[in-house]
Amino acid sequence: MDESFADLSFLDGLGVGYEGPEFYASWPGAALRGDLAVSVQGGGTCNTEFEFLTGVSLAFVGGGSYPYTLYDLSDAPSLPRQLASLGYKTTAIHPGKATNWNRASVYEELGFDEFIDVEDFAGARQVHGTIADGTAFDRTLEVLEEGEGPQFVFCLTIQNHGSYLQANVDEALRPGYSVEGLTSNQVFALNEYLACVSSTDRDLERFVGQLAELDEPVVLVFFGDHQPNITPRLVDALYPGADRLENALRAHQSTYAVWANYPLASAAEDDGAQAAGVWDDASPAYLAAMVLDAIGAPLTDFQKVQLVARDELPAISTVGALLADGGWVADATASPRAAGAYEDLATITYLEFARAVE
């Protein structure tokens, strides 16, 4: 999960022809990718993290809540605990303080075997004043290479965290765009952010190349937790006539991609599926179920309900819901077909999560 990573080219190229991070936008061999509807903007990383690791959508918990600070998650649905039961060693990596968002305690509650925090990155290369994404990728690779047997490594980066007025990125990566309607500081911040993303993009390409050379099968799930805090103003400048829901949805759109160094089970019936890639918009709470299904892994009852619900409700967040016809609504229950899927998700969330943290 990459801090503040987003492909802002979906905003009509920012009105300046921006085509997105070069490698990520074209990512050869990505089997599955799409837009990711997140519930946070410019911060609240822990909530996207929570959704991915538990499968529980903030739409059923509350947008103003931070589950990492509210609940004991020892009995909650947990991807690391699920994979540990299948024989995986589970490792969390975050080159930030272990106390941030109570992660040291939460990771233990979720069942991670090991947590590698900033203390393990002394003297490491920095970009934008924090540990470089490439360094975090390198540490992930080390864990994979040094371990034996199946492994689940959850790496949460920190490089692209705000603010974006620090003037501490490679000037060669700063595109120099100017967007009408933004102040000079906002334009500066936008260009600094895009430079950070370009740096990540270069390191991501190198990382994927290294993973491709490993002898064991590897699946990489790469996604951003939220957009930077500058995009609400950017969106309003680019779409001044749009209604509030439209612009809120734009500012709460991240991105994800799934890549593997072997043919995934979901592509078995179509030899060209993985090469071409499948575009499938989603939300963080669905991602684990989608990936486990793609690789042919056992699913929990919770995950099975999620995959069925996605037929009518492909993505859901605290901001809105994506319907099967491609339209967005603020309230999923306003659509008769989506309402059934929403109620199924609400029920299974209560049974699997709410009762577990009471």
# chains A, B, ... in the order shown; residues from 1 in each chain; ligands from 1
>>> residues_around(residues="Tyr262 in chain A", least_positions_apart="6", cutoff="9 Å", atoms="only C-alpha atoms", output="list in words")
Ala212, Pro217, Val218 and Val219 of chain A
>>> closest_atom_pairs(of="range 227-343 of chain A", to="range 66-88 of chain A", cutoff="9 Å", atoms="only C-alpha atoms", output="Markdown table")
| residue | atom | partner | partner_atom | distance |
| --- | --- | --- | --- | --- |
| A:Ala288 | CA | A:Leu79 | CA | 7.3 |
| A:Pro298 | CA | A:Leu86 | CA | 8.9 |
| A:Thr300 | CA | A:Gln82 | CA | 8.5 |
| A:Phe302 | CA | A:Pro77 | CA | 8.5 |
>>> atom_distance(atom1="CA of Arg202 in chain A", atom2="CA of Val118 in chain A")
22.4 Å
>>> closest_residue(among="A:Gly17, A:Gly55, A:Gly149, A:Met1", to="Leu299 in chain A", atoms="only C-alpha atoms")
A:Gly55
>>> residues_around(residues="Ile131 in chain A", least_positions_apart="3", cutoff="12 Å", atoms="only C-alpha atoms", output="count of residues only")
30
>>> residues_around(residues="range 319-329 of chain A", least_positions_apart="2", cutoff="10 Å", atoms="only C-alpha atoms", output="number ranges by chain")
A: 37-40, 58-59, 63, 245-246, 248-249, 252, 281-283, 310-317, 331-335, 337-338, 342
>>> residues_around(residues="Thr140 in chain A", least_positions_apart="3", cutoff="12 Å", atoms="only C-alpha atoms", output="PyMOL selection string")
chain A and resi 90-95+115-116+133-137+143-147+151-157+207-208+210-211+220
>>> residues_around(residues="Asp35 in chain A", least_positions_apart="3", cutoff="8 Å", atoms="only C-alpha atoms", output="VMD selection string")
chain A and resid 253 to 256 280 to 282
>>> closest_residue(among="A:Leu173, A:Tyr239, A:Glu205, A:Ser198", to="Asp12 in chain A", atoms="only C-alpha atoms")
A:Tyr239
>>> residues_around(residues="Leu182 in chain A", least_positions_apart="4", cutoff="8 Å", atoms="only C-alpha atoms", output="PyMOL selection string")
chain A and resi 186-187+233-234+237
>>> closest_residue(among="A:Val258, A:Val56, A:Leu238, A:Ala297", to="Ile348 in chain A", atoms="only C-alpha atoms")
A:Val56
>>> select_by_dssp(residues="range 144-318 of chain A", states="helix (DSSP H, G or I)", output="MDAnalysis selection string")
chainID A and resid 144:146 171:173 184:212 231:238 244:251 265:267 273:276 284:294 301:309
